[in-house]
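Only one structure is covered here, and it is reproduced in the block below.
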Amino acid sequence: MHIFQSIERQAAIGVWIGALVAMAGIGALSGVPITVGAATLWLAACIVPPAVTLMVWHGAPPPTVAEILYTVDQRN
């Protein structure tokens, strides 16, 4: 899926939080009661996925053995 390779980390997190805020707003406007348990669940849903994304989604992957061998071979 090429579309997911070109998206930036901050944009993905922004879209995620925006979607959750929109869903919470729709729920509040429709009269859904906001309890402590529901608020905790919403907070976890807003915080955990972006935090995992920041921890897992690093920059460029480390070079493979083949890439390292190729660069050494090109220097000789």
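Please note that chains go A, B, ... in the order of the structure tokens, that every chain numbers its residues from 1, and that ligands are numbered from 1 in the order shown.
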Using only C-alpha atoms, I'd like a table of the residues in region 39-67 of chain A that come within 9 Å of region 15-22 of chain A; for each, show the closest atom pair and its distance in Å rounded to one decimal, ordered by chain and ascending number, as CSV.
```
residue,atom,partner,partner_atom,distance
A:Trp42,CA,A:Leu20,CA,8.0
A:Ala45,CA,A:Leu20,CA,7.9
A:Cys46,CA,A:Ile17,CA,6.0
A:Ile47,CA,A:Ile17,CA,8.6
A:Pro49,CA,A:Trp16,CA,8.4
A:Pro50,CA,A:Trp16,CA,7.8
```
Just to be explicit: take each residue in the selection above, keep C-alpha atoms, and write the result as an mmCIF file, in the first residue's frame.
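This is the output file again.cif:
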```
data_model
loop_
_atom_site.group_PDB
_atom_site.id
_atom_site.type_symbol
_atom_site.label_atom_id
_atom_site.label_comp_id
_atom_site.auth_asym_id
_atom_site.auth_seq_id
_atom_site.Cartn_x
_atom_site.Cartn_y
_atom_site.Cartn_z
ATOM 1 C CA TRP A 42 -11.715 8.123 25.191
ATOM 2 C CA ALA A 45 -8.080 5.911 22.665
ATOM 3 C CA CYS A 46 -6.614 9.367 22.018
ATOM 4 C CA ILE A 47 -3.253 8.780 23.700
ATOM 5 C CA PRO A 49 -2.278 4.764 19.361
ATOM 6 C CA PRO A 50 -0.299 7.948 18.682
#
```
Return as a ChimeraX atom specification the full set of residues in region 14-74 of chain A whose backbone-based DSSP assignment is alpha helix (DSSP H).
-> /A:14-29,36-56,65-74
Keeping C-alpha atoms, export the residues of the selection given above as an mmCIF file, in the first residue's frame.
```cif
data_model
loop_
_atom_site.group_PDB
_atom_site.id
_atom_site.type_symbol
_atom_site.label_atom_id
_atom_site.label_comp_id
_atom_site.auth_asym_id
_atom_site.auth_seq_id
_atom_site.Cartn_x
_atom_site.Cartn_y
_atom_site.Cartn_z
ATOM 1 C CA GLY A 14 -3.391 14.481 13.629
ATOM 2 C CA VAL A 15 -5.934 12.613 11.522
ATOM 3 C CA TRP A 16 -6.380 10.021 14.286
ATOM 4 C CA ILE A 17 -6.993 12.609 17.009
ATOM 5 C CA GLY A 18 -9.235 14.644 14.710
ATOM 6 C CA ALA A 19 -11.382 11.606 13.965
ATOM 7 C CA LEU A 20 -11.715 10.771 17.654
ATOM 8 C CA VAL A 21 -12.609 14.365 18.552
ATOM 9 C CA ALA A 22 -15.244 14.393 15.799
ATOM 10 C CA MET A 23 -16.742 11.122 17.056
ATOM 11 C CA ALA A 24 -16.765 12.403 20.640
ATOM 12 C CA GLY A 25 -18.441 15.619 19.512
ATOM 13 C CA ILE A 26 -21.106 13.735 17.603
ATOM 14 C CA GLY A 27 -21.690 11.505 20.614
ATOM 15 C CA ALA A 28 -21.981 14.474 22.980
ATOM 16 C CA LEU A 29 -24.376 16.307 20.651
ATOM 17 C CA VAL A 36 -15.779 8.713 34.132
ATOM 18 C CA GLY A 37 -15.323 5.294 32.537
ATOM 19 C CA ALA A 38 -16.218 6.581 29.087
ATOM 20 C CA ALA A 39 -13.937 9.599 29.513
ATOM 21 C CA THR A 40 -11.070 7.308 30.541
ATOM 22 C CA LEU A 41 -11.684 5.095 27.522
ATOM 23 C CA TRP A 42 -11.715 8.123 25.191
ATOM 24 C CA LEU A 43 -8.509 9.428 26.754
ATOM 25 C CA ALA A 44 -6.823 6.062 26.257
ATOM 26 C CA ALA A 45 -8.080 5.911 22.665
ATOM 27 C CA CYS A 46 -6.614 9.367 22.018
ATOM 28 C CA ILE A 47 -3.253 8.780 23.700
ATOM 29 C CA VAL A 48 -2.240 5.142 23.195
ATOM 30 C CA PRO A 49 -2.278 4.764 19.361
ATOM 31 C CA PRO A 50 -0.299 7.948 18.682
ATOM 32 C CA ALA A 51 2.185 7.021 21.419
ATOM 33 C CA VAL A 52 2.702 3.582 19.893
ATOM 34 C CA THR A 53 3.035 5.191 16.464
ATOM 35 C CA LEU A 54 5.743 7.513 17.743
ATOM 36 C CA MET A 55 7.654 4.633 19.335
ATOM 37 C CA VAL A 56 7.398 2.252 16.382
ATOM 38 C CA VAL A 65 23.426 -6.939 4.696
ATOM 39 C CA ALA A 66 23.105 -6.866 0.904
ATOM 40 C CA GLU A 67 23.213 -3.054 0.864
ATOM 41 C CA ILE A 68 26.272 -2.993 3.111
ATOM 42 C CA LEU A 69 28.073 -5.565 0.958
ATOM 43 C CA TYR A 70 27.150 -3.644 -2.193
ATOM 44 C CA THR A 71 28.587 -0.372 -0.871
ATOM 45 C CA VAL A 72 31.802 -2.128 0.251
ATOM 46 C CA ASP A 73 32.080 -3.761 -3.182
ATOM 47 C CA GLN A 74 31.604 -0.385 -4.917
#
```
